[in-house]
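Worksheet: the structure to be examined is printed underneath.
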Amino acid sequence: MLRVGLTGSLGSGKSTVAGYLREMGAHVIEADALGRELMEPGQKVYEKIVQRFGEEVVNPNGRLKRARLAELAFREGRVQELNAIVHPATVEAQRRWMKEIFARDPAAVAVVESALIFEVVRDARARGETDTVLANLRRRLDRVAVITAPDELKVARYAARVSPPGASREAAAADARIRLAHQIPDAEKAAQADYVIENTGDLAMLHKKVTALWERLEAESNKSRENLSLE
């Protein structure tokens, strides 16, 4: 079995890489999607967010105003408050998911796609945490792969993805730069990663690189199973 963190800043292409890995046989969970589920009405995370940020982040239908919440977090300097609520629950849900995967398949490669693996550790330690799940998140992963790309390419990709057809992309680009400012630079992430994939070419080239990565991950997972069988 192998626990893999797949990370990269917004616009790096990590979701595309995650899709390729899923097609190749990896079990993949997306931290963003998991976080969104935990922020639905009825969830403890939802209740804590409303208590912290107030009714202004709640729509008439009871669901969260995600755009307003993002504005408070990134433009009004409250991202740490939000992350302190969402991250612990998300990481715990990921742990339960991995446990279920490995119970069914001891040779599985379980991939957590998350933009903020290193940032979670940084922020936890900045809060003074030393022996918590968040502060030690990197150590709870067997391997970490980072997807990199120049910042302006990331901004362009993000703006193209979120902007309606024909609309100006200036606002989306500005939003991307604000979000990137809260993330650790690629060079620092790469220095702490086990694998680095530079995503500056076309999809065919990216697929080739992911295929090579998958072969290594699969081999390492099989090796782990062999080691376990000897215990």
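Naming scheme: A, B, ... for chains in displayed order of the structure tokens; residues 1 onward per chain; ligands 1 onward as shown.
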
What lies within 10 Å of A:Arg122 using only C-alpha atoms, ignoring chain neighbours under 6 positions off, as a PDB file with N, CA and C atoms, in the first residue's frame?
```pdb
ATOM      1  N   LEU A 116      -3.044  22.140  -0.831  1.00  0.00           N
ATOM      2  CA  LEU A 116      -2.498  22.779   0.370  1.00  0.00           C
ATOM      3  C   LEU A 116      -1.805  21.816   1.332  1.00  0.00           C
ATOM      4  N   GLU A 129       1.343  24.640  16.835  1.00  0.00           N
ATOM      5  CA  GLU A 129       1.125  23.200  16.933  1.00  0.00           C
ATOM      6  C   GLU A 129       2.420  22.459  16.592  1.00  0.00           C
ATOM      7  N   LEU A 134      -2.326  17.888  11.815  1.00  0.00           N
ATOM      8  CA  LEU A 134      -2.023  18.879  10.785  1.00  0.00           C
ATOM      9  C   LEU A 134      -0.543  19.201  10.744  1.00  0.00           C
ATOM     10  N   ALA A 135       0.076  19.371  11.894  1.00  0.00           N
ATOM     11  CA  ALA A 135       1.499  19.707  11.937  1.00  0.00           C
ATOM     12  C   ALA A 135       2.362  18.581  11.385  1.00  0.00           C
ATOM     13  N   ASN A 136       1.862  17.346  11.480  1.00  0.00           N
ATOM     14  CA  ASN A 136       2.625  16.186  11.022  1.00  0.00           C
ATOM     15  C   ASN A 136       2.045  15.560   9.761  1.00  0.00           C
ATOM     16  N   ILE A 184       2.529  28.356  -0.908  1.00  0.00           N
ATOM     17  CA  ILE A 184       3.988  28.253  -0.886  1.00  0.00           C
ATOM     18  C   ILE A 184       4.503  28.174  -2.322  1.00  0.00           C
TER      19      ILE A 184
END
```

Mind running stretch 93-191 of chain A against stretch 9-30 of chain A at 6 Å and telling me each contacting residue's nearest atom pair with the distance in Å (one decimal), counting only C-alpha atoms, chain and number ascending, as JSON lines?
```
{"residue": "A:Val109", "atom": "CA", "partner": "A:Ala26", "partner_atom": "CA", "distance": 5.2}
{"residue": "A:Ala110", "atom": "CA", "partner": "A:His27", "partner_atom": "CA", "distance": 4.8}
{"residue": "A:Val111", "atom": "CA", "partner": "A:Val28", "partner_atom": "CA", "distance": 4.7}
{"residue": "A:Val112", "atom": "CA", "partner": "A:Ile29", "partner_atom": "CA", "distance": 5.2}
{"residue": "A:Glu113", "atom": "CA", "partner": "A:Glu30", "partner_atom": "CA", "distance": 4.8}
{"residue": "A:Ala115", "atom": "CA", "partner": "A:Ser9", "partner_atom": "CA", "distance": 5.5}
{"residue": "A:Ile147", "atom": "CA", "partner": "A:Ser12", "partner_atom": "CA", "distance": 6.0}
{"residue": "A:Thr148", "atom": "CA", "partner": "A:Ser12", "partner_atom": "CA", "distance": 5.7}
{"residue": "A:Ala149", "atom": "CA", "partner": "A:Ser12", "partner_atom": "CA", "distance": 5.7}
{"residue": "A:Lys154", "atom": "CA", "partner": "A:Gly11", "partner_atom": "CA", "distance": 4.1}
{"residue": "A:Arg157", "atom": "CA", "partner": "A:Gly11", "partner_atom": "CA", "distance": 5.4}
{"residue": "A:Tyr158", "atom": "CA", "partner": "A:Gly11", "partner_atom": "CA", "distance": 5.1}
```

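With only C-alpha atoms as the atoms that count, the minimum distance from A:Asp175 to the choices A:His87, A:Arg143, A:Arg127, A:Arg75 is reached by A:Arg75.
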
Just list as number ranges by chain whatever in chain A DSSP marks as alpha helix (DSSP H).
A: 14-24, 31-38, 44-53, 66-70, 79-104, 117-126, 151-162, 170-181, 186-192, 203-229

Using only C-alpha atoms, which residues sit within 9 Å of stretch 45-53 of chain A once same-chain residues fewer than 6 positions away are excluded, as a PyMOL selection string?
chain A and resi 35+38-39+63-64+69+72+81-82+85-86+89

Those same residues - N, CA and C atoms - I'd like them written as an mmCIF file, in the first residue's frame.
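Dumped everything to part_14.cif:
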```
data_model
loop_
_atom_site.group_PDB
_atom_site.id
_atom_site.type_symbol
_atom_site.label_atom_id
_atom_site.label_comp_id
_atom_site.auth_asym_id
_atom_site.auth_seq_id
_atom_site.Cartn_x
_atom_site.Cartn_y
_atom_site.Cartn_z
ATOM 1 N N GLY A 35 -13.941 18.829 1.066
ATOM 2 C CA GLY A 35 -14.205 20.025 1.862
ATOM 3 C C GLY A 35 -15.579 20.604 1.578
ATOM 4 N N LEU A 38 -18.208 18.660 3.372
ATOM 5 C CA LEU A 38 -18.217 18.937 4.806
ATOM 6 C C LEU A 38 -18.805 20.308 5.133
ATOM 7 N N MET A 39 -18.910 21.156 4.115
ATOM 8 C CA MET A 39 -19.448 22.504 4.317
ATOM 9 C C MET A 39 -20.930 22.591 3.975
ATOM 10 N N ARG A 63 -27.725 27.142 2.407
ATOM 11 C CA ARG A 63 -26.372 26.744 2.017
ATOM 12 C C ARG A 63 -25.433 27.951 2.103
ATOM 13 N N LEU A 64 -24.142 27.673 2.119
ATOM 14 C CA LEU A 64 -23.173 28.753 2.264
ATOM 15 C C LEU A 64 -23.028 29.570 0.987
ATOM 16 N N LEU A 69 -17.767 33.849 1.259
ATOM 17 C CA LEU A 69 -16.831 33.230 2.182
ATOM 18 C C LEU A 69 -15.399 33.330 1.650
ATOM 19 N N LEU A 72 -14.173 36.917 2.123
ATOM 20 C CA LEU A 72 -13.760 37.164 3.498
ATOM 21 C C LEU A 72 -12.404 36.511 3.785
ATOM 22 N N GLU A 81 -8.593 31.588 9.610
ATOM 23 C CA GLU A 81 -9.765 31.243 10.411
ATOM 24 C C GLU A 81 -10.578 30.145 9.732
ATOM 25 N N LEU A 82 -10.747 30.296 8.422
ATOM 26 C CA LEU A 82 -11.513 29.305 7.674
ATOM 27 C C LEU A 82 -10.790 27.972 7.632
ATOM 28 N N ILE A 85 -10.941 25.675 10.612
ATOM 29 C CA ILE A 85 -12.198 24.935 10.753
ATOM 30 C C ILE A 85 -12.246 23.755 9.787
ATOM 31 N N VAL A 86 -11.890 24.003 8.538
ATOM 32 C CA VAL A 86 -12.085 23.009 7.484
ATOM 33 C C VAL A 86 -11.002 21.939 7.458
ATOM 34 N N ALA A 89 -11.098 18.561 9.840
ATOM 35 C CA ALA A 89 -12.161 17.627 9.446
ATOM 36 C C ALA A 89 -11.849 16.969 8.109
#
```

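The spacing separating atom CA of A:Ala187 from atom CA of A:Asp123 amounts to 18.1 Å.
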
Those of stretch 56-170 of chain A in DSSP strand (DSSP E or B), formatted as a ChimeraX atom specification
/A:58,64,109-113,143-148

Just the selected residues (C-alpha atoms), exported as a PDB file, in the first residue's frame, please.
```
ATOM      1  CA  VAL A  58     -25.584  31.910   4.428  1.00  0.00           C
ATOM      2  CA  LEU A  64     -23.173  28.753   2.264  1.00  0.00           C
ATOM      3  CA  VAL A 109      -2.122   3.343  -4.255  1.00  0.00           C
ATOM      4  CA  ALA A 110      -4.308   5.912  -2.487  1.00  0.00           C
ATOM      5  CA  VAL A 111      -3.873   9.461  -3.779  1.00  0.00           C
ATOM      6  CA  VAL A 112      -5.059  12.591  -1.989  1.00  0.00           C
ATOM      7  CA  GLU A 113      -5.266  15.500  -4.418  1.00  0.00           C
ATOM      8  CA  ARG A 143       5.153   9.998  -0.996  1.00  0.00           C
ATOM      9  CA  VAL A 144       4.327  13.500  -2.210  1.00  0.00           C
ATOM     10  CA  ALA A 145       4.238  14.531  -5.855  1.00  0.00           C
ATOM     11  CA  VAL A 146       4.233  18.221  -6.796  1.00  0.00           C
ATOM     12  CA  ILE A 147       2.963  19.611 -10.104  1.00  0.00           C
ATOM     13  CA  THR A 148       4.725  22.839 -11.057  1.00  0.00           C
TER      14      THR A 148
END
```

Excluding same-chain residues fewer than 3 positions from A:Thr132, what lies within 12 Å of it counting only C-alpha atoms, as a PyMOL selection string?
chain A and resi 88+91-92+120-121+123-125+127-129+135-140

Would you export the selected residues with C-alpha atoms as a short mmCIF file (atom, residue, chain, number, x, y, z; two decimals), in the first residue's frame, please?
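Saved result, part-v8.cif, follows:
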```cif
data_model
loop_
_atom_site.label_atom_id
_atom_site.label_comp_id
_atom_site.auth_asym_id
_atom_site.auth_seq_id
_atom_site.Cartn_x
_atom_site.Cartn_y
_atom_site.Cartn_z
CA PRO A 88 -8.86 19.15 10.56
CA VAL A 91 -7.72 15.42 6.96
CA GLU A 92 -9.66 13.12 9.29
CA VAL A 120 -1.55 22.90 6.10
CA VAL A 121 1.70 21.98 7.86
CA ASP A 123 -0.13 27.08 9.09
CA ALA A 124 -0.44 24.52 11.89
CA ARG A 125 3.10 25.17 13.03
CA ARG A 127 -0.29 28.44 15.27
CA GLY A 128 2.19 26.78 17.61
CA GLU A 129 1.12 23.20 16.93
CA ALA A 135 1.50 19.71 11.94
CA ASN A 136 2.63 16.19 11.02
CA LEU A 137 0.58 15.78 7.86
CA ARG A 138 3.61 15.40 5.58
CA ARG A 139 4.87 12.51 7.67
CA ARG A 140 1.53 10.72 7.31
#
```

Which one of A:Lys223, A:Arg216, A:His182, A:Lys189 sits closest to A:Phe74 if you count only C-alpha atoms?
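Smallest distance to A:Phe74 is found for A:His182.
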
Work out how far apart atom CA of A:Ala33 and atom CA of A:Met98 are and give it in Å to one decimal.
15.8 Å
